[in-house]
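What follows is a short report on a single structure.
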Amino acid sequence: MTSTETASSQHPDEVPPEAPDGGMQRGLKNRHLQLIAIGGSIGTGLFLGSGKLISVSGPAIIFVYLVIGFFVFFIMRALGELLLSNLHYKTFGDIAKDMLGPWAGFFVSWNYWFSWVIACVADIVAITAYVQWFNPNVPAWVPALITAAVLTLLNLQPVKFFGETEFWFAIIKIVAILGLIVVGVILMATQFQSPDGTTASITNLWTHGGMFPMGISGFVLGFQMGIFSFIGVELVGTAAAETQNPRKTLPKAINSIVIRILIFYIGALAVIMAVTPWDEIAPDKSPFVATLATAGFGLAAVVIQLVVLTSAASSANSGLYSGTRMLFGLAKDGHAPSKFAMTDSRGVPKRSVFFTCVFLFAAIPLLFAGDGVIAAFTFVSSMCATLILFTWGSIVVSYIVYRKRYPERHASSGFKMPFSRIAPWLVLAFFVFIAGTLLYGDDTRPSILAAPAWFAILAVLWQLRKRRLIRDGRPLTGAIPTVPHPLDDE
């Protein structure tokens, strides 16, 4: 171990608030967490994937996002109450291992790490599509290679730098979407006509086959990739471990989810389909760019294209951050090689970063294995959606156990989950429905059928790791103190 690397082995109660993990620091401020919360819910799934979703579901996609957003809000409220019930929790893995057992912590943490690796690959694939929009002659491997290298460099910086980067990335996303909505409203108010004679009007939402033009089948299929658009909202939970005053900032970030969904998902897509009828939107292009291009705003379309490119980079950056922190936690518990629990003098778990970034280069061969960028994006995004159901499910099941095991914590919580008796069960039923939609679609079925193989691998790895820990006389999981955290006094 070098002088600039320290193993994170201190007891949480012995660590000052500014470095709760014995190396990682609470370098994120309130404004960072709030914008990370917004940026995490505005990603590649919305900017690129919504084109295919619109082609599958039509205007019904609005209701798809409303339904998914409704359940995501309850997932986040459950996560918020759990995190604030014990500030020694740093990741979903900590919660799972405390409530469900060490095996659950192992499964949840490695699954979440892998799901973000896949999500980052999806983002890199999307970035390739955006770059080729500017110049179709650019070889697909070039932007993929450059993006993977840049992401590695960004995540080798201190957490404060990450927070600042994501803050400005999120600002760009917000301004772009709000700008698109304003432009769309103006086009509708002036009854703008596109070159093909289409008049911008809110009536376009229901005059091209109705709100459910593809019937109930199209509505159900919309949930397949729709769920991918929301992957990242749980980043708030990961970032909370490195955030100042989490008891004040976390509730604000979670409660703002409703307004974010209404504006950035429902509002933006409604405007897009009002300006350009859903049946004229190409499934293999970003509808945000296509809408402005159709309206004759060529330069604005270029600007939006740059925005969605940076959005994909932001999403990948956030995912890589979250994945490396999860790997860091695994190593602390002995569920991954101990070298991944080392941080440099700036609090960066750089070995976790390097290991995770190696897998990003998998995007390069993937681009040449399928029938195109969208086909590659659909495959990896559906795989990611399958894995994230397990992560979100672990949060909900952990909440059910928490409420039963610690009724006094729930009673004294200042951030209780609404309808906490019935809501978790409704969310779990919704997950079963989502799994069914993934099985229903031809292009998403392979991902969910492959999931059992992944969990079988995890089961084998857990048995091997458990035996080694027992042989070495080490606990199966790192202890999570139940005594008050130093920040509880704030």
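Here, A, B, ... name the chains of the structure tokens in the order displayed, residue numbers run from 1 inside each chain, and ligands are numbered from 1 in the same displayed order.
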
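The environment of Val185 in chain A within 12 Å, counting only C-alpha atoms and disregarding residues fewer than 3 places along the same chain, consists of Leu178, Gly179, Leu180, Ile181, Val182, Met188, Ala189, Thr190, Gln191, Phe192, Ala200, Ser201, Ile202, Gly267, Ala268, Ala270, Val271, Ile272, Met273, Ala274 and Val275 of chain A.
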
Looking only at helix (DSSP H, G or I) from DSSP on the backbone, list the matching residues of range 185-252 of chain A as an mmCIF file with N, CA and C atoms, in the first residue's frame.
data_model
loop_
_atom_site.group_PDB
_atom_site.id
_atom_site.type_symbol
_atom_site.label_atom_id
_atom_site.label_comp_id
_atom_site.auth_asym_id
_atom_site.auth_seq_id
_atom_site.Cartn_x
_atom_site.Cartn_y
_atom_site.Cartn_z
ATOM 1 N N VAL A 185 -44.643 25.263 -27.440
ATOM 2 C CA VAL A 185 -45.858 26.017 -27.094
ATOM 3 C C VAL A 185 -46.055 27.187 -28.056
ATOM 4 N N ILE A 186 -44.965 27.862 -28.392
ATOM 5 C CA ILE A 186 -45.044 28.985 -29.340
ATOM 6 C C ILE A 186 -45.498 28.487 -30.714
ATOM 7 N N LEU A 187 -44.944 27.354 -31.152
ATOM 8 C CA LEU A 187 -45.327 26.795 -32.446
ATOM 9 C C LEU A 187 -46.815 26.435 -32.466
ATOM 10 N N MET A 188 -47.313 25.891 -31.357
ATOM 11 C CA MET A 188 -48.737 25.557 -31.289
ATOM 12 C C MET A 188 -49.603 26.816 -31.253
ATOM 13 N N ALA A 189 -49.145 27.823 -30.506
ATOM 14 C CA ALA A 189 -49.915 29.061 -30.394
ATOM 15 C C ALA A 189 -50.009 29.791 -31.723
ATOM 16 N N ILE A 202 -52.092 20.814 -30.254
ATOM 17 C CA ILE A 202 -52.247 19.821 -29.196
ATOM 18 C C ILE A 202 -53.167 18.688 -29.646
ATOM 19 N N THR A 203 -54.014 18.975 -30.632
ATOM 20 C CA THR A 203 -54.946 17.948 -31.122
ATOM 21 C C THR A 203 -54.230 16.804 -31.831
ATOM 22 N N ASN A 204 -52.955 17.029 -32.215
ATOM 23 C CA ASN A 204 -52.193 15.952 -32.850
ATOM 24 C C ASN A 204 -52.010 14.752 -31.924
ATOM 25 N N LEU A 205 -52.223 14.983 -30.634
ATOM 26 C CA LEU A 205 -52.073 13.893 -29.674
ATOM 27 C C LEU A 205 -53.177 12.847 -29.839
ATOM 28 N N GLY A 215 -53.506 0.245 -29.476
ATOM 29 C CA GLY A 215 -54.300 -0.594 -28.601
ATOM 30 C C GLY A 215 -53.605 -0.898 -27.284
ATOM 31 N N ILE A 216 -54.189 -1.810 -26.549
ATOM 32 C CA ILE A 216 -53.632 -2.171 -25.248
ATOM 33 C C ILE A 216 -52.265 -2.821 -25.391
ATOM 34 N N SER A 217 -52.035 -3.508 -26.520
ATOM 35 C CA SER A 217 -50.745 -4.158 -26.763
ATOM 36 C C SER A 217 -49.621 -3.124 -26.833
ATOM 37 N N GLY A 218 -49.850 -2.045 -27.569
ATOM 38 C CA GLY A 218 -48.841 -0.992 -27.671
ATOM 39 C C GLY A 218 -48.586 -0.320 -26.343
ATOM 40 N N PHE A 219 -49.648 -0.152 -25.560
ATOM 41 C CA PHE A 219 -49.513 0.458 -24.236
ATOM 42 C C PHE A 219 -48.635 -0.406 -23.341
ATOM 43 N N VAL A 220 -48.889 -1.702 -23.341
ATOM 44 C CA VAL A 220 -48.113 -2.626 -22.507
ATOM 45 C C VAL A 220 -46.656 -2.680 -22.960
ATOM 46 N N LEU A 221 -46.438 -2.718 -24.271
ATOM 47 C CA LEU A 221 -45.064 -2.780 -24.786
ATOM 48 C C LEU A 221 -44.267 -1.529 -24.424
ATOM 49 N N GLY A 222 -44.946 -0.416 -24.215
ATOM 50 C CA GLY A 222 -44.257 0.823 -23.861
ATOM 51 C C GLY A 222 -43.499 0.732 -22.554
ATOM 52 N N PHE A 223 -43.909 -0.179 -21.684
ATOM 53 C CA PHE A 223 -43.261 -0.306 -20.374
ATOM 54 C C PHE A 223 -41.890 -0.955 -20.476
ATOM 55 N N GLN A 224 -41.626 -1.663 -21.567
ATOM 56 C CA GLN A 224 -40.356 -2.371 -21.708
ATOM 57 C C GLN A 224 -39.163 -1.427 -21.593
ATOM 58 N N MET A 225 -39.096 -0.458 -22.522
ATOM 59 C CA MET A 225 -37.985 0.482 -22.501
ATOM 60 C C MET A 225 -38.309 1.700 -21.660
ATOM 61 N N GLY A 226 -39.602 1.896 -21.355
ATOM 62 C CA GLY A 226 -39.971 3.038 -20.523
ATOM 63 C C GLY A 226 -39.309 2.972 -19.165
ATOM 64 N N ILE A 227 -39.176 1.763 -18.634
ATOM 65 C CA ILE A 227 -38.556 1.602 -17.319
ATOM 66 C C ILE A 227 -37.095 2.019 -17.357
ATOM 67 N N PHE A 228 -36.439 1.824 -18.513
ATOM 68 C CA PHE A 228 -35.027 2.198 -18.641
ATOM 69 C C PHE A 228 -34.841 3.709 -18.507
ATOM 70 N N SER A 229 -35.830 4.473 -18.946
ATOM 71 C CA SER A 229 -35.737 5.927 -18.879
ATOM 72 C C SER A 229 -35.617 6.435 -17.451
ATOM 73 N N PHE A 230 -36.072 5.632 -16.481
ATOM 74 C CA PHE A 230 -36.071 6.070 -15.084
ATOM 75 C C PHE A 230 -34.874 5.535 -14.305
ATOM 76 N N LEU A 235 -29.792 7.227 -7.942
ATOM 77 C CA LEU A 235 -28.459 7.797 -7.722
ATOM 78 C C LEU A 235 -28.432 8.707 -6.508
ATOM 79 N N VAL A 236 -29.571 9.295 -6.181
ATOM 80 C CA VAL A 236 -29.660 10.151 -4.999
ATOM 81 C C VAL A 236 -29.234 9.374 -3.765
ATOM 82 N N GLY A 237 -29.647 8.101 -3.699
ATOM 83 C CA GLY A 237 -29.293 7.285 -2.550
ATOM 84 C C GLY A 237 -27.809 7.021 -2.456
ATOM 85 N N THR A 238 -27.164 6.794 -3.583
ATOM 86 C CA THR A 238 -25.718 6.570 -3.585
ATOM 87 C C THR A 238 -24.967 7.848 -3.239
ATOM 88 N N ALA A 239 -25.398 8.959 -3.821
ATOM 89 C CA ALA A 239 -24.727 10.236 -3.586
ATOM 90 C C ALA A 239 -24.913 10.734 -2.164
ATOM 91 N N ALA A 240 -25.984 10.300 -1.493
ATOM 92 C CA ALA A 240 -26.265 10.766 -0.138
ATOM 93 C C ALA A 240 -25.124 10.437 0.817
ATOM 94 N N ALA A 241 -24.386 9.355 0.534
ATOM 95 C CA ALA A 241 -23.270 8.957 1.387
ATOM 96 C C ALA A 241 -22.142 9.972 1.364
ATOM 97 N N GLU A 242 -22.101 10.793 0.324
ATOM 98 C CA GLU A 242 -21.039 11.793 0.216
ATOM 99 C C GLU A 242 -21.635 13.211 0.160
ATOM 100 N N PRO A 246 -27.408 15.239 4.894
ATOM 101 C CA PRO A 246 -28.357 14.412 4.154
ATOM 102 C C PRO A 246 -29.775 14.474 4.689
ATOM 103 N N ARG A 247 -29.959 14.711 6.002
ATOM 104 C CA ARG A 247 -31.304 14.759 6.559
ATOM 105 C C ARG A 247 -32.112 15.928 5.998
ATOM 106 N N LYS A 248 -31.431 16.952 5.546
ATOM 107 C CA LYS A 248 -32.120 18.109 4.976
ATOM 108 C C LYS A 248 -32.223 18.010 3.457
ATOM 109 N N THR A 249 -31.155 17.543 2.829
ATOM 110 C CA THR A 249 -31.105 17.577 1.362
ATOM 111 C C THR A 249 -31.806 16.398 0.696
ATOM 112 N N LEU A 250 -31.734 15.202 1.318
ATOM 113 C CA LEU A 250 -32.305 14.012 0.691
ATOM 114 C C LEU A 250 -33.828 14.100 0.518
ATOM 115 N N PRO A 251 -34.585 14.498 1.545
ATOM 116 C CA PRO A 251 -36.042 14.620 1.348
ATOM 117 C C PRO A 251 -36.418 15.597 0.244
ATOM 118 N N LYS A 252 -35.705 16.705 0.146
ATOM 119 C CA LYS A 252 -36.001 17.683 -0.912
ATOM 120 C C LYS A 252 -35.801 17.072 -2.292
#

- Query: From the set A:Gly184, A:Gly473, A:Gly232, A:Pro365, which residue has the shortest atom-to-atom contact distance to Ala385 in chain A, counting only C-alpha atoms?
  - Reply: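 Among the listed residues, the smallest separation from Ala385 in chain A belongs to A:Gly232.
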
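Among the candidates A:Phe390, A:Trp133, A:Phe355, A:Ser322, the residue lying nearest to Val302 in chain A is A:Trp133 (atoms considered: only C-alpha atoms).
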
- Message: Using only C-alpha atoms, can you tell me which of A:Val233, A:Ile254, A:Pro195, A:Thr310 comes closest to Ala293 in chain A?
- Response: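 Looking at the shortest contact to Ala293 in chain A, the residue is A:Pro195.
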
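Checking A:Asp123, A:Tyr265, A:Leu464, A:Phe92 one by one against Leu476 in chain A, counting only C-alpha atoms, you find the shortest gap at A:Leu464.
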
Could you list, with a cut-off of 10 Å and counting only C-alpha atoms, the residues of range 292-404 of chain A near range 421-428 of chain A, each shown with its nearest atom pair and the distance in Å rounded to one decimal, rows sorted by chain and ascending number, as a tab-separated table?
residue	atom	partner	partner_atom	distance
A:Leu389	CA	A:Leu428	CA	9.4
A:Trp392	CA	A:Leu428	CA	9.1
A:Gly393	CA	A:Leu428	CA	6.7
A:Ser394	CA	A:Leu428	CA	9.8
A:Ile395	CA	A:Pro424	CA	9.4
A:Val396	CA	A:Pro424	CA	5.8
A:Val397	CA	A:Pro424	CA	7.5
A:Ser398	CA	A:Pro424	CA	9.8
A:Tyr399	CA	A:Pro424	CA	7.7
A:Ile400	CA	A:Pro424	CA	7.0
A:Arg403	CA	A:Arg421	CA	8.8

Quick one: contact table of range 288-329 of chain A to range 150-165 of chain A, 12 Å max, nearest atom pair and distance in Å to one decimal per residue, counting only C-alpha atoms, chain and number order, as CSV?
residue,atom,partner,partner_atom,distance
A:Thr310,CA,A:Thr165,CA,11.1
A:Ser311,CA,A:Thr165,CA,11.7
A:Ala312,CA,A:Leu151,CA,11.3
A:Ala313,CA,A:Leu151,CA,7.9
A:Ser314,CA,A:Thr165,CA,8.3
A:Ser315,CA,A:Leu151,CA,10.6
A:Ala316,CA,A:Leu151,CA,7.6
A:Asn317,CA,A:Leu151,CA,6.1
A:Ser318,CA,A:Phe162,CA,8.3
A:Gly319,CA,A:Leu151,CA,10.2
A:Leu320,CA,A:Asn155,CA,7.3
A:Tyr321,CA,A:Asn155,CA,6.4
A:Ser322,CA,A:Asn155,CA,10.2
A:Gly323,CA,A:Asn155,CA,10.7
A:Thr324,CA,A:Asn155,CA,8.8
A:Arg325,CA,A:Val159,CA,10.6

May I have a table of the residues of range 95-214 of chain A lying at most 10 Å from range 455-461 of chain A, giving each one's closest pair of atoms and their distance in Å to one decimal, counting only C-alpha atoms, ordered by chain and ascending residue number, as a tab-separated table?
residue	atom	partner	partner_atom	distance
A:Trp103	CA	A:Ala459	CA	8.6
A:Phe106	CA	A:Leu458	CA	8.3
A:Phe107	CA	A:Leu458	CA	6.5
A:Val108	CA	A:Leu458	CA	9.9
A:Trp110	CA	A:Leu458	CA	8.0
A:Asn111	CA	A:Leu458	CA	8.4

Would you save the residues from that selection as a compact mmCIF listing (two decimals), in the first residue's frame, using N, CA and C atoms?
# COMPACT_ATOMS: atom_id res chain seq x y z
N TRP A 103 -25.93 -12.38 2.21
CA TRP A 103 -26.06 -12.84 0.83
C TRP A 103 -26.77 -11.79 -0.02
N PHE A 106 -24.46 -8.97 -0.94
CA PHE A 106 -23.58 -9.40 -2.02
C PHE A 106 -24.30 -9.34 -3.36
N PHE A 107 -25.49 -9.93 -3.42
CA PHE A 107 -26.26 -9.98 -4.66
C PHE A 107 -26.64 -8.58 -5.14
N VAL A 108 -27.18 -7.77 -4.25
CA VAL A 108 -27.66 -6.44 -4.63
C VAL A 108 -26.51 -5.56 -5.12
N TRP A 110 -23.38 -6.40 -6.23
CA TRP A 110 -22.78 -6.81 -7.50
C TRP A 110 -23.74 -6.63 -8.66
N ASN A 111 -25.03 -6.87 -8.42
CA ASN A 111 -26.03 -6.69 -9.47
C ASN A 111 -26.14 -5.23 -9.88

- Task: Have a look at A:Gly347, A:Gly209, A:Pro277, A:Gly334 and name the one nearest to Gly197 in chain A; count only C-alpha atoms.
- Result: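 Result for the nearest residue to Gly197 in chain A: A:Pro277.
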
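Close contacts of Ser447 in chain A, defined as residues with an atom at most 7 Å away when counting only C-alpha atoms, with chain neighbours fewer than 6 positions off set aside, comprise Ser382, Met383 and Thr386 of chain A.
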
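Computed from the coordinates, the CA of Ala435 in chain A to CA of Leu53 in chain A distance equals 17.0 Å.
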